[in-house]
file query_17.tsv (TSV, C-alpha atoms and all ligand atoms)
chain	number	residue	atom	x	y	z
A	1454	MET	CA	0.00	0.00	0.00
A	1455	ASN	CA	1.26	3.43	-0.92
A	1456	LYS	CA	1.26	6.14	1.72
A	1457	ALA	CA	-0.89	9.22	1.34
A	1458	PRO	CA	1.07	11.86	-0.57
A	1459	LEU	CA	3.35	14.03	1.58
A	1460	THR	CA	2.76	17.02	-0.70
A	1461	PRO	CA	1.34	17.31	-4.20
A	1462	MET	CA	3.57	18.04	-7.24
A	1463	VAL	CA	1.94	21.49	-7.21
A	1464	ASP	CA	0.17	22.78	-4.10
A	1465	LEU	CA	-2.54	25.07	-5.45
A	1466	LYS	CA	-4.75	24.66	-2.40
A	1467	ASN	CA	-2.42	26.16	0.19
A	1468	GLN	CA	-1.31	28.85	-2.23
A	1469	TYR	CA	-4.95	29.87	-2.65
A	1470	LEU	CA	-5.71	29.79	1.08
A	1471	LYS	CA	-2.96	32.35	1.76
A	1472	ILE	CA	-4.60	34.95	-0.48
A	1473	LYS	CA	-8.18	33.71	-0.30
A	1474	PRO	CA	-9.85	36.96	0.84
A	1475	GLU	CA	-8.28	38.91	-2.04
A	1476	ILE	CA	-9.06	36.27	-4.65
A	1477	ASP	CA	-12.61	35.75	-3.43
A	1478	ALA	CA	-13.27	39.49	-3.49
A	1479	ALA	CA	-11.90	39.77	-7.03
A	1480	ILE	CA	-14.15	36.94	-8.23
A	1481	GLN	CA	-17.16	38.38	-6.40
A	1482	GLU	CA	-16.62	41.74	-8.08
A	1483	VAL	CA	-16.84	40.11	-11.52
A	1484	LEU	CA	-19.92	38.13	-10.50
A	1485	GLU	CA	-21.70	41.28	-9.42
A	1486	SER	CA	-20.66	43.25	-12.51
A	1487	THR	CA	-21.73	40.33	-14.75
A	1488	ALA	CA	-19.10	41.56	-17.22
A	1489	PHE	CA	-17.95	38.00	-17.81
A	1490	ILE	CA	-16.42	38.59	-21.24
A	1491	ASN	CA	-14.02	41.46	-21.94
A	1492	GLY	CA	-14.85	43.08	-18.60
A	1493	PRO	CA	-12.62	45.72	-17.01
A	1494	ALA	CA	-10.64	43.01	-15.18
A	1495	VAL	CA	-9.24	41.78	-18.50
A	1496	LYS	CA	-7.89	45.20	-19.50
A	1497	ARG	CA	-6.52	45.80	-15.99
A	1498	PHE	CA	-4.64	42.50	-15.99
A	1499	GLN	CA	-3.39	43.10	-19.52
A	1500	GLN	CA	-1.94	46.47	-18.54
A	1501	ASN	CA	-0.41	45.19	-15.32
A	1502	LEU	CA	1.23	42.31	-17.17
A	1503	GLU	CA	2.59	44.71	-19.83
A	1504	GLN	CA	4.09	46.74	-17.02
A	1505	TYR	CA	5.54	43.69	-15.27
A	1506	LEU	CA	7.08	42.31	-18.46
A	1507	GLN	CA	8.10	45.73	-19.78
A	1508	VAL	CA	6.47	44.93	-23.11
A	1509	LYS	CA	4.32	47.14	-25.29
A	1510	HIS	CA	1.49	44.70	-25.94
A	1511	VAL	CA	-0.08	41.79	-24.12
A	1512	ILE	CA	-2.96	40.10	-25.95
A	1513	PRO	CA	-4.88	37.81	-23.56
A	1514	CYS	CA	-6.40	34.64	-25.03
A	1515	ALA	CA	-8.00	31.37	-24.01
A	1516	ASN	CA	-4.91	29.20	-23.41
A	1517	GLY	CA	-1.24	28.79	-24.24
A	1518	THR	CA	-1.86	26.54	-27.22
A	1519	ASP	CA	-4.13	29.18	-28.77
A	1520	ALA	CA	-1.48	31.81	-28.07
A	1521	LEU	CA	1.01	29.84	-30.18
A	1522	GLN	CA	-1.53	29.29	-32.95
A	1523	ILE	CA	-2.62	32.94	-33.08
A	1524	ALA	CA	1.02	34.07	-33.10
A	1525	MET	CA	1.81	31.83	-36.07
A	1526	MET	CA	-1.33	32.97	-37.92
A	1527	ALA	CA	-0.49	36.63	-37.25
A	1528	LEU	CA	3.01	36.15	-38.68
A	1529	GLY	CA	1.40	34.98	-41.91
A	1530	LEU	CA	3.04	31.55	-41.91
A	1531	LYS	CA	1.71	29.44	-44.78
A	1532	PRO	CA	1.28	25.69	-45.38
A	1533	GLY	CA	4.63	24.19	-46.34
A	1534	ASP	CA	6.64	26.70	-44.34
A	1535	GLU	CA	9.09	25.04	-42.01
A	1536	VAL	CA	9.16	25.91	-38.33
A	1537	ILE	CA	12.04	24.67	-36.21
A	1538	THR	CA	11.50	23.67	-32.60
A	1539	ALA	CA	12.95	21.40	-29.92
A	1540	ASP	CA	12.17	17.67	-29.85
A	1541	PHE	CA	12.13	17.76	-26.03
A	1542	THR	CA	9.05	19.81	-25.16
A	1543	TYR	CA	5.37	19.63	-24.37
A	1544	VAL	CA	3.33	18.53	-27.40
A	1545	ALA	CA	1.45	21.85	-27.81
A	1546	THR	CA	4.50	23.50	-29.34
A	1547	ALA	CA	4.58	21.16	-32.32
A	1548	GLU	CA	0.84	20.58	-32.43
A	1549	VAL	CA	-0.10	24.06	-33.62
A	1550	ILE	CA	2.65	23.95	-36.24
A	1551	GLY	CA	1.05	20.82	-37.65
A	1552	LEU	CA	-2.52	22.10	-37.32
A	1553	LEU	CA	-1.71	25.12	-39.48
A	1554	GLY	CA	-0.26	22.87	-42.18
A	1555	LEU	CA	3.25	24.08	-41.43
A	1556	THR	CA	6.06	21.56	-41.21
A	1557	PRO	CA	7.49	21.03	-37.72
A	1558	VAL	CA	11.23	20.53	-37.99
A	1559	LEU	CA	12.42	18.96	-34.77
A	1560	VAL	CA	15.95	19.27	-33.47
A	1561	ASP	CA	17.80	17.88	-30.48
A	1562	VAL	CA	18.47	19.70	-27.20
A	1563	ASN	CA	21.42	20.24	-24.86
A	1564	PRO	CA	21.88	17.50	-22.28
A	1565	SER	CA	22.51	19.80	-19.32
A	1566	THR	CA	20.15	22.77	-19.83
A	1567	PHE	CA	17.45	20.95	-21.90
A	1568	ASP	CA	17.21	23.85	-24.42
A	1569	ILE	CA	17.42	23.70	-28.21
A	1570	ASN	CA	20.85	22.77	-29.58
A	1571	ILE	CA	22.10	25.77	-31.53
A	1572	GLU	CA	24.31	23.89	-34.00
A	1573	ALA	CA	21.49	21.46	-34.81
A	1574	LEU	CA	19.13	24.40	-35.21
A	1575	GLU	CA	21.35	26.14	-37.74
A	1576	ARG	CA	22.05	22.89	-39.60
A	1577	ASN	CA	18.29	22.39	-40.15
A	1578	ILE	CA	17.61	25.76	-41.77
A	1579	THR	CA	16.47	25.45	-45.39
A	1580	GLU	CA	14.92	27.79	-47.95
A	1581	LYS	CA	11.51	26.90	-46.52
A	1582	THR	CA	12.36	27.79	-42.92
A	1583	LYS	CA	10.31	30.74	-41.69
A	1584	ALA	CA	10.40	30.62	-37.93
A	1585	ILE	CA	12.10	29.25	-34.82
A	1586	VAL	CA	10.14	28.36	-31.68
A	1587	PRO	CA	12.52	28.23	-28.73
A	1588	VAL	CA	10.95	26.70	-25.61
A	1589	HIS	CA	12.06	28.09	-22.26
A	1590	LEU	CA	11.71	24.63	-20.78
A	1591	PHE	CA	11.20	24.09	-17.04
A	1592	GLY	CA	11.65	27.81	-16.29
A	1593	GLN	CA	14.84	29.12	-17.84
A	1594	CYS	CA	15.48	30.81	-21.16
A	1595	ALA	CA	17.01	29.08	-24.15
A	1596	ASN	CA	20.22	30.57	-25.58
A	1597	MET	CA	18.55	33.71	-26.92
A	1598	ASP	CA	21.81	35.46	-27.90
A	1599	ALA	CA	22.51	32.71	-30.45
A	1600	ILE	CA	18.88	32.28	-31.50
A	1601	MET	CA	18.34	35.99	-32.21
A	1602	GLU	CA	21.62	36.11	-34.13
A	1603	ILE	CA	20.64	33.14	-36.31
A	1604	ALA	CA	17.16	34.60	-36.86
A	1605	LYS	CA	18.71	37.85	-38.07
A	1606	LYS	CA	21.20	36.09	-40.32
A	1607	TYR	CA	18.54	33.94	-42.05
A	1608	ASN	CA	15.64	36.40	-41.75
A	1609	LEU	CA	13.47	34.18	-39.55
A	1610	TYR	CA	10.78	34.94	-36.99
A	1611	VAL	CA	11.31	33.97	-33.38
A	1612	ILE	CA	8.21	32.82	-31.46
A	1613	GLU	CA	9.05	32.16	-27.81
A	1614	ASP	CA	7.12	29.38	-26.11
A	1615	ASN	CA	7.19	30.94	-22.67
A	1616	ALA	CA	4.49	28.78	-21.06
A	1617	GLN	CA	6.93	27.61	-18.38
A	1618	ALA	CA	9.16	30.63	-17.71
A	1619	ILE	CA	7.05	33.72	-17.06
A	1620	GLY	CA	9.10	36.12	-14.94
A	1621	ALA	CA	12.49	34.68	-15.97
A	1622	GLU	CA	15.02	37.29	-17.03
A	1623	TYR	CA	17.58	36.96	-19.81
A	1624	THR	CA	20.82	38.95	-19.87
A	1625	PHE	CA	22.33	39.37	-23.33
A	1626	GLN	CA	26.09	39.28	-23.88
A	1627	ASN	CA	25.98	43.08	-24.28
A	1628	GLY	CA	24.33	43.45	-20.86
A	1629	THR	CA	20.77	44.19	-22.07
A	1630	GLN	CA	18.15	42.47	-19.92
A	1631	LYS	CA	14.75	41.30	-21.09
A	1632	LYS	CA	11.95	39.26	-19.58
A	1633	ALA	CA	11.27	35.84	-21.13
A	1634	GLY	CA	8.59	36.10	-23.80
A	1635	THR	CA	9.55	39.64	-24.82
A	1636	ILE	CA	12.82	38.78	-26.58
A	1637	GLY	CA	11.69	37.36	-29.93
A	1638	HIS	CA	9.25	38.89	-32.42
A	1639	ILE	CA	6.43	37.42	-30.40
A	1640	GLY	CA	6.03	35.45	-27.18
A	1641	CYS	CA	3.36	33.08	-25.92
A	1642	THR	CA	2.42	31.99	-22.44
A	1643	SER	CA	-0.10	29.85	-20.59
A	1644	PHE	CA	-2.02	30.48	-17.37
A	1645	PHE	CA	-2.98	26.82	-16.90
A	1646	PRO	CA	-3.46	26.33	-13.12
A	1647	SER	CA	-0.15	24.56	-12.54
A	1648	LYS	CA	1.95	27.10	-14.48
A	1649	ASN	CA	4.00	29.63	-12.47
A	1650	LEU	CA	1.29	32.25	-12.98
A	1651	GLY	CA	-1.82	30.10	-13.09
A	1652	CYS	CA	-5.52	30.91	-13.07
A	1653	PHE	CA	-8.45	28.73	-11.91
A	1654	GLY	CA	-9.17	27.33	-15.36
A	1655	ASP	CA	-7.63	27.94	-18.76
A	1656	GLY	CA	-5.92	31.11	-19.91
A	1657	GLY	CA	-3.08	32.36	-22.07
A	1658	ALA	CA	-1.47	35.43	-23.60
A	1659	ILE	CA	0.65	36.69	-26.45
A	1660	MET	CA	3.33	39.35	-26.00
A	1661	THR	CA	4.99	41.61	-28.55
A	1662	ASN	CA	6.59	45.03	-28.97
A	1663	ASP	CA	5.39	45.21	-32.59
A	1664	ASP	CA	2.24	47.38	-32.92
A	1665	GLU	CA	1.10	45.88	-36.21
A	1666	LEU	CA	1.61	42.32	-35.07
A	1667	ALA	CA	-0.29	43.05	-31.85
A	1668	GLN	CA	-3.17	44.45	-33.86
A	1669	ARG	CA	-3.25	41.34	-36.06
A	1670	CYS	CA	-3.20	39.05	-33.01
A	1671	ARG	CA	-6.10	40.92	-31.43
A	1672	MET	CA	-8.06	40.69	-34.66
A	1673	ILE	CA	-7.36	36.96	-35.17
A	1674	ALA	CA	-8.26	36.14	-31.55
A	1675	SER	CA	-11.60	37.84	-32.13
A	1676	HIS	CA	-12.90	36.08	-35.27
A	1677	GLY	CA	-10.67	38.13	-37.56
A	1678	GLN	CA	-12.81	41.12	-36.76
A	1679	SER	CA	-11.51	44.66	-37.45
A	1680	LYS	CA	-14.66	46.32	-36.17
A	1681	GLN	CA	-17.90	44.81	-34.96
A	1682	TYR	CA	-19.32	42.44	-37.62
A	1683	VAL	CA	-16.54	43.32	-40.07
A	1684	HIS	CA	-14.24	40.35	-40.63
A	1685	ASP	CA	-11.01	41.00	-42.52
A	1686	VAL	CA	-9.18	37.73	-42.02
A	1687	LEU	CA	-9.93	34.19	-40.88
A	1688	GLY	CA	-9.73	34.15	-37.12
A	1689	VAL	CA	-10.61	32.09	-34.09
A	1690	ASN	CA	-12.55	32.68	-30.89
A	1691	SER	CA	-10.01	32.86	-28.10
A	1692	ARG	CA	-10.63	34.99	-25.02
A	1693	LEU	CA	-9.41	35.17	-21.45
A	1694	ASP	CA	-12.60	35.46	-19.40
A	1695	SER	CA	-13.02	38.18	-16.79
A	1696	ILE	CA	-13.04	35.88	-13.75
A	1697	GLN	CA	-9.71	34.33	-14.79
A	1698	ALA	CA	-8.26	37.79	-15.48
A	1699	ALA	CA	-9.36	39.03	-12.04
A	1700	ILE	CA	-7.68	36.03	-10.38
A	1701	LEU	CA	-4.50	36.50	-12.43
A	1702	ASP	CA	-4.37	40.19	-11.59
A	1703	VAL	CA	-4.27	39.31	-7.88
A	1704	LYS	CA	-1.69	36.55	-8.38
A	1705	LEU	CA	0.57	38.71	-10.58
A	1706	LYS	CA	1.35	40.83	-7.51
A	1707	TYR	CA	2.78	37.73	-5.86
A	1708	LEU	CA	4.64	36.34	-8.87
A	1709	ASP	CA	8.09	37.52	-7.79
A	1710	GLN	CA	7.50	36.10	-4.31
A	1711	TYR	CA	6.34	32.82	-5.86
A	1712	ILE	CA	9.48	32.71	-8.00
A	1713	GLN	CA	11.66	33.26	-4.93
A	1714	ALA	CA	9.92	30.45	-3.06
A	1715	ARG	CA	10.56	28.10	-6.01
A	1716	GLN	CA	14.20	29.17	-6.23
A	1717	LYS	CA	14.65	28.56	-2.52
A	1718	ALA	CA	13.25	25.03	-2.84
A	1719	ALA	CA	15.53	24.42	-5.85
A	1720	GLU	CA	18.57	25.54	-3.84
A	1721	TYR	CA	17.64	23.10	-1.09
A	1722	TYR	CA	17.37	20.24	-3.59
A	1723	ASP	CA	20.67	21.29	-5.19
A	1724	ARG	CA	22.49	21.24	-1.85
A	1725	LYS	CA	21.34	17.70	-1.12
A	1726	PHE	CA	21.97	16.23	-4.56
A	1727	SER	CA	24.87	18.16	-6.05
A	1728	ASN	CA	27.63	15.71	-5.18
A	1729	HIS	CA	25.71	12.52	-5.68
A	1730	PRO	CA	27.37	10.13	-8.16
A	1731	GLU	CA	24.06	8.92	-9.63
A	1732	ILE	CA	22.13	12.20	-9.75
A	1733	ILE	CA	22.61	15.15	-12.10
A	1734	ILE	CA	21.06	18.38	-10.83
A	1735	PRO	CA	19.48	20.81	-13.35
A	1736	ALA	CA	22.17	23.00	-14.94
A	1737	ARG	CA	21.63	26.74	-15.16
A	1738	ASN	CA	21.97	28.72	-18.35
A	1739	PRO	CA	24.40	31.43	-17.21
A	1740	ASN	CA	22.47	34.14	-19.09
A	1741	SER	CA	19.04	33.41	-17.63
A	1742	THR	CA	17.44	33.41	-14.23
A	1743	HIS	CA	15.60	30.15	-13.52
A	1744	VAL	CA	12.02	30.34	-12.24
A	1745	PHE	CA	11.76	26.57	-11.70
A	1746	HIS	CA	8.47	25.63	-13.24
A	1747	GLN	CA	9.94	22.18	-12.75
A	1748	TYR	CA	12.90	20.90	-10.76
A	1749	THR	CA	14.17	18.13	-12.98
A	1750	LEU	CA	16.90	15.67	-12.11
A	1751	GLN	CA	18.63	13.19	-14.36
A	1752	ILE	CA	18.98	9.78	-12.74
A	1753	LYS	CA	21.94	7.72	-13.97
A	1754	ASN	CA	22.45	4.01	-14.55
A	1755	GLY	CA	18.89	3.21	-15.60
A	1756	LYS	CA	17.57	3.65	-12.05
A	1757	ARG	CA	14.96	6.34	-12.75
A	1758	ASP	CA	11.88	4.13	-12.84
A	1759	ALA	CA	12.90	2.16	-9.74
A	1760	LEU	CA	13.50	5.41	-7.86
A	1761	ARG	CA	10.10	6.71	-8.93
A	1762	ALA	CA	8.37	3.54	-7.68
A	1763	PHE	CA	10.31	3.69	-4.41
A	1764	LEU	CA	9.27	7.32	-3.86
A	1765	GLN	CA	5.67	6.51	-4.59
A	1766	GLU	CA	5.69	3.86	-1.85
A	1767	GLN	CA	6.87	6.56	0.59
A	1768	GLY	CA	4.09	8.92	-0.49
A	1769	ILE	CA	6.38	11.18	-2.47
A	1770	PRO	CA	5.08	12.13	-5.90
A	1771	SER	CA	7.34	12.64	-8.90
A	1772	MET	CA	6.68	13.05	-12.62
A	1773	ILE	CA	8.40	12.34	-15.90
A	1774	TYR	CA	8.39	15.43	-18.10
A	1775	TYR	CA	8.47	14.14	-20.80
A	1776	PRO	CA	8.45	10.36	-21.27
A	1777	ILE	CA	8.33	10.21	-25.09
A	1778	PRO	CA	10.25	12.41	-27.55
A	1779	LEU	CA	8.03	14.23	-30.04
A	1780	HIS	CA	9.60	12.45	-33.02
A	1781	LEU	CA	8.55	9.07	-31.57
A	1782	GLN	CA	4.93	10.11	-30.92
A	1783	LYS	CA	2.48	8.48	-33.31
A	1784	ALA	CA	0.88	11.80	-34.23
A	1785	TYR	CA	4.23	13.24	-35.31
A	1786	GLN	CA	5.56	10.24	-37.20
A	1787	SER	CA	7.29	11.30	-40.36
A	1788	PRO	CA	9.65	9.77	-42.89
A	1789	ARG	CA	12.04	12.49	-41.72
A	1790	TYR	CA	12.57	10.82	-38.33
A	1791	LYS	CA	13.40	7.48	-36.76
A	1792	LYS	CA	14.45	6.18	-33.38
A	1793	GLY	CA	18.02	7.23	-32.65
A	1794	ASP	CA	17.82	10.54	-34.53
A	1795	PHE	CA	17.84	12.69	-31.39
A	1796	PRO	CA	20.04	10.83	-28.92
A	1797	VAL	CA	20.00	13.55	-26.26
A	1798	THR	CA	16.22	13.82	-26.14
A	1799	GLU	CA	15.89	10.03	-26.15
A	1800	MET	CA	18.40	9.78	-23.28
A	1801	LEU	CA	16.58	12.51	-21.31
A	1802	CYS	CA	13.17	10.90	-21.75
A	1803	ALA	CA	14.64	7.76	-20.17
A	1804	SER	CA	16.41	9.48	-17.28
A	1805	VAL	CA	14.62	12.68	-16.17
A	1806	LEU	CA	12.56	12.88	-13.00
A	1807	SER	CA	10.81	16.01	-11.72
A	1808	LEU	CA	10.31	16.38	-7.96
A	1809	PRO	CA	7.51	18.33	-6.23
A	1810	MET	CA	8.05	22.03	-7.00
A	1811	HIS	CA	5.70	24.73	-5.83
A	1812	THR	CA	5.43	27.84	-3.70
A	1813	GLU	CA	4.37	26.08	-0.48
A	1814	LEU	CA	7.28	23.67	0.14
A	1815	THR	CA	8.60	23.82	3.71
A	1816	GLU	CA	12.10	22.80	4.83
A	1817	ASP	CA	10.53	19.89	6.67
A	1818	THR	CA	8.82	18.59	3.52
A	1819	LEU	CA	11.94	19.18	1.43
A	1820	GLU	CA	13.97	17.23	3.99
A	1821	GLN	CA	11.60	14.27	3.79
A	1822	ILE	CA	11.67	14.31	-0.02
A	1823	THR	CA	15.45	14.55	-0.28
A	1824	ASN	CA	16.00	11.93	2.43
A	1825	ALA	CA	13.75	9.51	0.60
A	1826	VAL	CA	15.65	10.03	-2.66
A	1827	LEU	CA	19.01	9.56	-0.95
A	1828	ASN	CA	17.76	6.48	0.95
A	1829	PHE	CA	16.88	4.81	-2.33
A	1830	PHE	CA	20.52	4.93	-3.42
A	1831	ASN	CA	21.83	3.82	0.00
A	1832	ASN	CA	19.70	0.69	0.08
B	1	LIG	C1	1.49	24.31	-20.91
B	1	LIG	C2	2.29	24.46	-22.14
B	1	LIG	C3	1.71	24.87	-23.37
B	1	LIG	C4	0.22	24.97	-23.58
B	1	LIG	O1	-0.49	25.71	-22.70
B	1	LIG	P1	-2.08	25.44	-22.50
B	1	LIG	O2	-2.52	26.64	-21.77
B	1	LIG	O3	-2.19	24.18	-21.72
B	1	LIG	O4	-2.69	25.34	-23.85
B	1	LIG	C5	2.54	25.07	-24.44
B	1	LIG	N1	3.86	24.88	-24.35
B	1	LIG	C6	4.46	24.47	-23.21
B	1	LIG	C7	5.95	24.29	-23.19
B	1	LIG	C8	3.69	24.23	-22.08
B	1	LIG	O5	4.30	23.81	-20.96
call {"tool": "encode", "arguments": {"input": "query_17.tsv", "output": "structure tokens", "more": "lines below"}}
Ligand SMILES: *Cc1c(COP(=O)(O)O)cnc(C)c1O
result
Amino acid sequence: MNKAPLTPMVDLKNQYLKIKPEIDAAIQEVLESTAFINGPAVKRFQQNLEQYLQVKHVIPCANGTDALQIAMMALGLKPGDEVITADFTYVATAEVIGLLGLTPVLVDVNPSTFDINIEALERNITEKTKAIVPVHLFGQCANMDAIMEIAKKYNLYVIEDNAQAIGAEYTFQNGTQKKAGTIGHIGCTSFFPSKNLGCFGDGGAIMTNDDELAQRCRMIASHGQSKQYVHDVLGVNSRLDSIQAAILDVKLKYLDQYIQARQKAAEYYDRKFSNHPEIIIPARNPNSTHVFHQYTLQIKNGKRDALRAFLQEQGIPSMIYYPIPLHLQKAYQSPRYKKGDFPVTEMLCASVLSLPMHTELTEDTLEQITNAVLNFFNN
């Protein structure tokens, strides 16, 4: 019999309880206004997020997957265009590329930082390549110096998948600092409940400093409408509802505190695991802060699955993000790819393990988690 879980992977309940009066009041205000769609809370959150990210435009939408789709539509990408992204990511990144009839071109990642491999990226550029989608996986930015340089050299768009790294900061070689999602031509994020800035349902947003692109995104998200009942382009229906926006506006004030709590938990894990011969702690990209959407270890010598089972018996949850590389998923099968093509991603899928990571982890809980992991190897 497994024990009851010590703590969940993400503790949304206790996070909510700490700010319950504020959240409840914000929801109540929307209920009483009955401005459920495009109410004042949506505009308020949009403006506060623009301020936080230091970006000219935030376009709220229904979820992170929609954000990626709307961004690609707004850039005018056409069937047959090639879009390069990482093989080691959540499926949504590649899914929208395929849905729009674009060709996802997958490339391998770096074994220590899990971000897109720059040499492989450049090697895969062809005449059909139109865009790069770097994923700021697990909470830290990809190598944006190199990606922006390549994009300039080959005249490509950069669409950041920032679903996991909102609040992370990137420092360019020349010292310029930018928030994740505001570095490329356009950025996309998700407010799914378990994301670092999560609502109580689905939500997402697009970010850009380009006025024209922002205008196109707004139009596409609203049925391609330029003014009421005038439809200039094919669009979709993708809105952030007012209740979610009101919740997010409260939580945005706490985002930096939440990030610090995650970083503190990560430092605790690091201290316990850094010298272990069979554990590799998550490497940091020196140019990015890490907001630890996930704390992801690599477990050596084929022991990952046994460790996971052992932890489960002790009531300690863990997750495998992600167990199958995109190129080996049935939906993304292509004559382009076969097993063995992306050795780093394939190795990571067999060895990564993410431990509980959230804003409510206490030293006592962290001690129990780390002791259990270390006990597994001592047995
Ligand atoms: C969560 C996530 C998405 C999709 O966000 P949804 O809001 O669930 O549609 C896209 N990309 C990455 C990397 C994600 O983690």
call {"tool": "residues_around", "arguments": {"input": "query_17.tsv", "residues": "Arg1576 (chain A)", "least_positions_apart": "6", "cutoff": "12 Å", "atoms": "only C-alpha atoms", "output": "PyMOL selection string"}}
result
chain A and resi 1537+1558-1561+1570+1582+1603+1607
call {"tool": "residues_around", "arguments": {"input": "query_17.tsv", "residues": "region 1614-1616 of chain A", "least_positions_apart": "5", "cutoff": "10 Å", "atoms": "all atoms listed in the file", "output": "PDB file with C-alpha atoms, in the coordinates of the input"}}
result
ATOM      1  CA  ASN A1516      -4.910  29.200 -23.410  1.00  0.00           C
ATOM      2  CA  GLY A1517      -1.240  28.790 -24.240  1.00  0.00           C
ATOM      3  CA  THR A1518      -1.860  26.540 -27.220  1.00  0.00           C
ATOM      4  CA  ALA A1520      -1.480  31.810 -28.070  1.00  0.00           C
ATOM      5  CA  LEU A1521       1.010  29.840 -30.180  1.00  0.00           C
ATOM      6  CA  THR A1538      11.500  23.670 -32.600  1.00  0.00           C
ATOM      7  CA  THR A1542       9.050  19.810 -25.160  1.00  0.00           C
ATOM      8  CA  TYR A1543       5.370  19.630 -24.370  1.00  0.00           C
ATOM      9  CA  ALA A1545       1.450  21.850 -27.810  1.00  0.00           C
ATOM     10  CA  THR A1546       4.500  23.500 -29.340  1.00  0.00           C
ATOM     11  CA  VAL A1586      10.140  28.360 -31.680  1.00  0.00           C
ATOM     12  CA  PRO A1587      12.520  28.230 -28.730  1.00  0.00           C
ATOM     13  CA  VAL A1588      10.950  26.700 -25.610  1.00  0.00           C
ATOM     14  CA  HIS A1589      12.060  28.090 -22.260  1.00  0.00           C
ATOM     15  CA  LEU A1590      11.710  24.630 -20.780  1.00  0.00           C
ATOM     16  CA  PHE A1591      11.200  24.090 -17.040  1.00  0.00           C
ATOM     17  CA  GLY A1592      11.650  27.810 -16.290  1.00  0.00           C
ATOM     18  CA  GLN A1593      14.840  29.120 -17.840  1.00  0.00           C
ATOM     19  CA  CYS A1594      15.480  30.810 -21.160  1.00  0.00           C
ATOM     20  CA  ALA A1621      12.490  34.680 -15.970  1.00  0.00           C
ATOM     21  CA  ALA A1633      11.270  35.840 -21.130  1.00  0.00           C
ATOM     22  CA  GLY A1634       8.590  36.100 -23.800  1.00  0.00           C
ATOM     23  CA  THR A1635       9.550  39.640 -24.820  1.00  0.00           C
ATOM     24  CA  GLY A1637      11.690  37.360 -29.930  1.00  0.00           C
ATOM     25  CA  ILE A1639       6.430  37.420 -30.400  1.00  0.00           C
ATOM     26  CA  GLY A1640       6.030  35.450 -27.180  1.00  0.00           C
ATOM     27  CA  CYS A1641       3.360  33.080 -25.920  1.00  0.00           C
ATOM     28  CA  THR A1642       2.420  31.990 -22.440  1.00  0.00           C
ATOM     29  CA  SER A1643      -0.100  29.850 -20.590  1.00  0.00           C
ATOM     30  CA  PHE A1644      -2.020  30.480 -17.370  1.00  0.00           C
ATOM     31  CA  PHE A1645      -2.980  26.820 -16.900  1.00  0.00           C
ATOM     32  CA  LYS A1648       1.950  27.100 -14.480  1.00  0.00           C
ATOM     33  CA  ASN A1649       4.000  29.630 -12.470  1.00  0.00           C
ATOM     34  CA  LEU A1650       1.290  32.250 -12.980  1.00  0.00           C
ATOM     35  CA  GLY A1657      -3.080  32.360 -22.070  1.00  0.00           C
ATOM     36  CA  ALA A1658      -1.470  35.430 -23.600  1.00  0.00           C
ATOM     37  CA  ILE A1659       0.650  36.690 -26.450  1.00  0.00           C
ATOM     38  CA  MET A1660       3.330  39.350 -26.000  1.00  0.00           C
ATOM     39  CA  HIS A1746       8.470  25.630 -13.240  1.00  0.00           C
TER      40      HIS A1746
END
call {"tool": "atom_distance", "arguments": {"input": "query_17.tsv", "atom1": "CA of Gln1617 (chain A)", "atom2": "CA of Ile1480 (chain A)"}}
result
25.2 Å
call {"tool": "atom_distance", "arguments": {"input": "query_17.tsv", "atom1": "CA of Gln1765 (chain A)", "atom2": "CA of Phe1829 (chain A)"}}
result
11.6 Å
call {"tool": "closest_residue", "arguments": {"input": "query_17.tsv", "among": "A:Lys1583, A:Lys1466, A:Lys1792, A:His1510", "to": "Pro1532 (chain A)", "atoms": "all atoms listed in the file"}}
result
A:Lys1583
call {"tool": "residues_around", "arguments": {"input": "query_17.tsv", "residues": "Lys1725 (chain A)", "least_positions_apart": "5", "cutoff": "10 Å", "atoms": "only C-alpha atoms", "output": "PyMOL selection string"}}
result
chain A and resi 1720+1734+1819-1820+1823-1824+1826-1827
call {"tool": "closest_residue", "arguments": {"input": "query_17.tsv", "among": "A:Tyr1469, A:Tyr1610, A:Tyr1682, A:Phe1795", "to": "Leu1781 (chain A)", "atoms": "only C-alpha atoms"}}
result
A:Phe1795
call {"tool": "axis_aligned_box", "arguments": {"input": "query_17.tsv", "around": "ligand LIG 1 (chain B)", "padding_each_side": "3 Å", "output": "AutoDock Vina command-line options"}}
result
--center_x 1.6 --center_y 25.2 --center_z -22.7 --size_x 14.6 --size_y 8.8 --size_z 9.5
call {"tool": "atom_distance", "arguments": {"input": "query_17.tsv", "atom1": "CA of Gly1688 (chain A)", "atom2": "CA of Thr1661 (chain A)"}}
result
18.6 Å
call {"tool": "closest_residue", "arguments": {"input": "query_17.tsv", "among": "A:Met1597, A:Leu1806, A:Leu1465, A:Leu1555", "to": "Ala1762 (chain A)", "atoms": "all atoms listed in the file"}}
result
A:Leu1806
call {"tool": "closest_residue", "arguments": {"input": "query_17.tsv", "among": "A:Gln1522, A:Ile1732, A:Lys1509, A:Lys1471", "to": "ligand LIG 1 (chain B)", "atoms": "only C-alpha atoms and all ligand atoms"}}
result
A:Gln1522
call {"tool": "closest_residue", "arguments": {"input": "query_17.tsv", "among": "A:Val1805, A:Met1525, A:Val1536, A:Val1508", "to": "Ile1673 (chain A)", "atoms": "all atoms listed in the file"}}
result
A:Met1525
call {"tool": "residues_around", "arguments": {"input": "query_17.tsv", "residues": "Ala1595 (chain A)", "least_positions_apart": "4", "cutoff": "10 Å", "atoms": "only C-alpha atoms", "output": "list of chain:residue names"}}
result
A:Val1562, A:Asn1563, A:Thr1566, A:Phe1567, A:Asp1568, A:Ile1569, A:Asn1570, A:Ile1571, A:Pro1587, A:Val1588, A:His1589, A:Leu1590, A:Ala1599, A:Ile1600, A:Glu1613, A:Tyr1623, A:Ala1633, A:Asn1738, A:Asn1740, A:Ser1741
